[in-house]
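Here the structure is laid out as structure tokens; the discussion comes afterwards.
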Amino acid sequence: MHLHPLLRHACTAAAIVTLAALTAAPAGASAAPDVVTVDFAQRTGPVHGGATGMLYGLADPGVPGDALLAGARPRTVAQKAPDGDQHPNGDALVVADSFFAAGGEEVVIYMQDVYSQWPYENRGIDDYLAKVDAMVRKVVRERPRDKDKFVWVPFNEPDLIWYQNWNTLKQKFFSDWKAVFERIRSIDPTARIVGPNEAGYNPGRLRDFLTWAKGATCAGDPEGNCLPDIMAWHELQRDRLADYRAHHAHYRQLERELGFGPLPVNIDEYGNRRDMSVPGQMIQWISLFEDTKVDADMAYWTYAGNLDDHAVRTRQANGGWWLLKWYADLTGETVRATPPRLNAADTVQAVAAVDASARRGTILVGGGSEPVRLDVSGLGRDVFGTQVDVVVSRTTWTGYEGDALKPPVIAARRAAVPSGSLQVDLPGGDVMAAYRVTIVPSSGAAPSPDAPWTASAEAESATLTAARAFDQDTTADPQKYATSGKRDVGAMNQTGSAVTFPVTVPRDGRYRLGVYQGANKAPGRHALFVDGAFRQLVQYSANLGWTYRGRTDVEIQLTAGTHQLSLRTSADGTTRLPGSDITLDRFDLTEITGEERAAYPADEARLSGGARITREGQGPAVALGGDARARFFVAAGHDGYYDLTLSYRARGAGDLRVRLDGREISGLRATRPGEAASRARVYLPAGVSTVDVGGPAGLELRGVATVRAAGADTAVHRVEAERAALAGTANVTTVPASSGSNASEGAYVGYLGNGAGNTLTLERPAGFGPGAYVLLVHYANADTNTGHPYNTDVINRFLDITETGGTTTRGVFRHNYAWDNFWPQATPLTLTTERGAIVLGNADAYGPNVDRVELARLVLDVDNQAR
């Protein structure tokens, strides 16, 4: 199949099914270019789930959003020492509660991050021991019931910092390790200690250290030695994708030679900038660490609180997050998955697991540019039967700040597997993509794909006018941020600058153009032309830099056939648009087939409290009753109302216990026996939300679905901030014509907070009485610390949201790159008075700039006869 290079990914949903054909494996089948064998009969141990830990993935409570954190569910996070000066946020004690609530198990404390400089200033071991004493005592004092969940890293990268010259400083390191080790244990005798935590795997240094630690005596250790409780080192370079397994095997052999262990391992920094957010890169790292059953934390290259480049804004997901979520969904045991080249960087790799109790097999695969054939065997009849349903979903790179909704199902089929084998062919062409393949016994209706028509074009392959293509080779320099096709277009700094490319669409209709762009810490605009005629302005959000990509979506109407699309720096040919010097990377064009909708079947639920999957009759379902719960992670593309529908089979009448982001949705119930559905019209902020469902005994939940109900958005109360009642220093700023700001109506309110009287007050209209609400604040916050060599030390700001006569809720507002760059941020409110005004302020510090405020009821109505 030969496609125009600009449209190399173009295909209809039907074509994708052809490319991803699912067939029972015939005798003598020819091999595809890249073959991955998966044998479900070869179990390799319980799913560990430790590969997607994070260094400084969390910043403050609510940054990132709780649903994003719970969806990724890192087992470990590495954060700074309590009250540390290295970064302005990310304090281990501050983020601990939200981390544990999301299912996290272990907070790794970087103790030397108590210092402010990088590399750490060396003031002598006595200065450091005093700091060690203070931080350990604080954890013991403030977390007496769960202090065992905090583990201590005495030295971070000692091979580069303080102890670089091993010949002259080896004994000094041993002495200092012993001093810190004993100080920690003198305060908390059960504390677990992590080390040596070097910047790379150094076999000679490690052998020296372990030999000494095994033979030395450290007071407070149950074994009387100085060995760490958890072994740690870093795997940060591209070639570590090839080297890591040998490092791990060498370390395990060291343990055997020296007669201790095996210790748990945490590779508490891994990967490069180009890896984060890219599914096809991350699956390679995940496969390494899951194969060896270790914990591993993604490196911190950008700023704290965005799940190491997997969170968009505060609560939206990028394409990489969905891979983390898929990995966190794995249950049961891993099985043997063998790629064509096991230890080769930037090649196709895979992780596979089987959950016998759920009768489900899952394969996560990606990382190569060629088509992939999965040769699947070991599908035993006791788990899979003789006929299976196979569903293939795809997630790909959407930029660091590019929102990704639920990954589409690109192929699905029912297949007979009398011999327990199957072949699944996946399309090539997208090295940044990863795929999830689920295999379950057939039941109910046959599965079907839901992917819309889509095409992609590289900016550098377009016709460029007064603009230049730049190399962004992330293979040669993995510390560059990811770029589609390893090239982009910039220098769009003239009135006539333009990028023009052809598209051919299959039919008349609405299409969504996704523009991958880098706006360097300022919002900006381009003019979109279609077939030479100006169509609309494209408003871009500010980004961290030219190559830290966001994705901006605009809707256009096109007729069937070929069109020329052009993004230009001027709408009239004479005046350059403000902020138009923006880099362009890629364009995605996707057909819009109706209202935004998504289905989340039973097999995508996370189960707790004894919930289990059943597969009889009309298809998979979650059996509920008692404490059994099913959790779904639903994604909304817009701030606004959606119909949330629960489909189920009930044994009899009974209440459904439904919570949306932890807030109860009352009134949903099964009214009779049999197949039925209940619907609630709810307000969903753009991004990921959790839906938790329980029910009466005998209720079988088939799944949940969301459908955009845009017409209901008229129920939202909207107020421009500059028209609200302002007090104290709060004042109105008019946006200058030279700004590319997205401030609505050209003005916003600044200088909120930093004193109790500096406030903005929102009056509540009639009909907005007591109840559950969502307050949406369109805000800007570009506050930072400065001085770190590579981390952007962003500062989150807060507003105290007070109902007059009621309670106060604290809203958090993540750094968003520019003071006139406005993002919506949702805060849940429970109002208790009839008409008490809502006051926004902060007595202790400045809040963000505010452009617009919106108040929406959480639930508009409930319908228990939804079918």
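In the structure tokens, chains take the letters A, B, ... in the order shown, each chain's residues start at 1, and ligands count up from 1 in the order shown.
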Pull the strand (DSSP E or B) assignments for region 455-690 of chain A out of DSSP run on the backbone, and list those residues as a VMD selection string. chain A and resid 455 to 458 463 to 465 468 to 471 487 to 490 498 to 505 509 to 518 520 524 to 530 533 to 540 543 550 to 558 561 to 568 570 576 583 to 592 597 to 601 606 to 608 612 to 614 621 to 623 629 to 636 640 to 650 654 to 655 657 to 660 663 to 665 669 to 670 674 to 684 687 to 690
Give me, as an mmCIF file with C-alpha atoms, in the first residue's frame, all polymer residues having an atom no more than 7 Å from Tyr303 (chain A), counting only C-alpha atoms and skipping those fewer than 3 positions away in the same chain.
data_model
loop_
_atom_site.group_PDB
_atom_site.id
_atom_site.type_symbol
_atom_site.label_atom_id
_atom_site.label_comp_id
_atom_site.auth_asym_id
_atom_site.auth_seq_id
_atom_site.Cartn_x
_atom_site.Cartn_y
_atom_site.Cartn_z
ATOM 1 C CA TYR A 300 13.023 14.083 36.253
ATOM 2 C CA ASN A 791 14.933 21.431 35.827
ATOM 3 C CA THR A 792 12.343 24.168 35.486
ATOM 4 C CA ASP A 793 11.469 24.916 39.092
ATOM 5 C CA VAL A 794 7.838 25.800 38.637
#
Enumerate as a list of chain:residue names all residues of region 556-775 of chain A assigned to helix (DSSP H, G or I) by DSSP on the backbone, naming them with the chain letters and numbers the document uses.
A:Ala602, A:Asp603, A:Glu604, A:Ala710, A:Gly711, A:Ala712, A:Asp713, A:Thr714, A:Ala715, A:Ala721, A:Glu722, A:Arg723, A:Ser744, A:Glu745, A:Gly746
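Of the listed residues A:Gln387, A:Gln479, A:Thr44, A:Gln284, the one whose atoms come nearest to Trp301 (chain A) is A:Gln479, with distances taken using only C-alpha atoms.
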field: Close residues, Ala249 (chain A) itself excluded, 12 Å, only C-alpha atoms, min 4 positions apart in chain, as a PyMOL selection string
entry: chain A and resi 201+203+243-245+253-256+262+265+291-292
| message | When you look at Phe99 (chain A) with a cut-off of 12 Å (counting only C-alpha atoms), what residues show up, excluding the ones that are within fewer than 3 positions of it in the same chain? I need them as a ChimeraX atom specification. | response | /A:53-54,56-79,90-96,102-108,149-150,305,307
For Asp471 (chain A), find every residue with an atom within 10 Å (counting only C-alpha atoms), except residues of its own chain fewer than 6 positions away, and show them as a list of chain:residue names. A:Glu460, A:Thr483, A:Gly485, A:Lys486, A:Arg487, A:Asp488, A:Val489
The residue from A:Ala560, A:Ala826, A:Val354, A:Ala446 with the smallest atom-to-atom distance to Tyr779 (chain A), counting only C-alpha atoms, is A:Ala826
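Between CA of Arg723 (chain A) and CA of Pro685 (chain A) the separation is 23.7 Å.
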One residue among A:Ala522, A:Ala599, A:Val622, A:Val335 is nearest to Asn543 (chain A) when using only C-alpha atoms, and that residue is A:Ala522
Review point. What's the 10 Å shell around Ala737 (chain A), counting only C-alpha atoms, without same-chain residues fewer than 6 positions away, as a list in words?
Key: Leu577, Pro578 and Gly746 of chain A
**Q.** Residue neighbourhood Pro765 (chain A), 10 Å, only C-alpha atoms, exclusion window fewer than 5 positions, as number ranges by chain
**A.** A: 717, 834-835, 837, 855
Let's have the selection written as a PDB file, in the first residue's frame, with N, CA and C atoms.
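And here is the file that came out, selection_2.pdb:
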ATOM      1  N   HIS A 717     -23.147  28.589  34.893  1.00  0.00           N
ATOM      2  CA  HIS A 717     -23.132  30.031  35.182  1.00  0.00           C
ATOM      3  C   HIS A 717     -21.725  30.561  34.940  1.00  0.00           C
ATOM      4  N   GLU A 834     -28.062  28.853  50.763  1.00  0.00           N
ATOM      5  CA  GLU A 834     -28.957  29.093  49.622  1.00  0.00           C
ATOM      6  C   GLU A 834     -28.334  30.025  48.597  1.00  0.00           C
ATOM      7  N   ARG A 835     -27.683  31.098  49.049  1.00  0.00           N
ATOM      8  CA  ARG A 835     -27.197  32.089  48.094  1.00  0.00           C
ATOM      9  C   ARG A 835     -25.837  32.669  48.462  1.00  0.00           C
ATOM     10  N   ALA A 837     -22.361  34.060  48.578  1.00  0.00           N
ATOM     11  CA  ALA A 837     -21.423  34.357  47.500  1.00  0.00           C
ATOM     12  C   ALA A 837     -20.146  33.526  47.639  1.00  0.00           C
ATOM     13  N   LEU A 855     -19.468  28.206  37.192  1.00  0.00           N
ATOM     14  CA  LEU A 855     -20.024  27.378  38.265  1.00  0.00           C
ATOM     15  C   LEU A 855     -21.048  26.435  37.660  1.00  0.00           C
TER      16      LEU A 855
END
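Shortest separation to Arg681 (chain A) among A:Asn864, A:Thr569, A:Thr733, A:Leu528 occurs at residue A:Asn864, atoms counted being only C-alpha atoms.
Among A:Asn156, A:Thr438, A:Thr331, A:Thr559, the residue with the shortest atom-to-atom distance to Leu607 (chain A), counting only C-alpha atoms, is A:Thr331.
With CA of Leu584 (chain A) on one side and CA of Ser739 (chain A) on the other, the separation reads 19.7 Å.
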One residue among A:Ala721, A:Val38, A:Val390, A:Val114 is nearest to Gly378 (chain A) when using only C-alpha atoms, and that residue is A:Val38
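Taking CA of Lys293 (chain A) and CA of Val47 (chain A) as endpoints, the distance between them is 8.0 Å.
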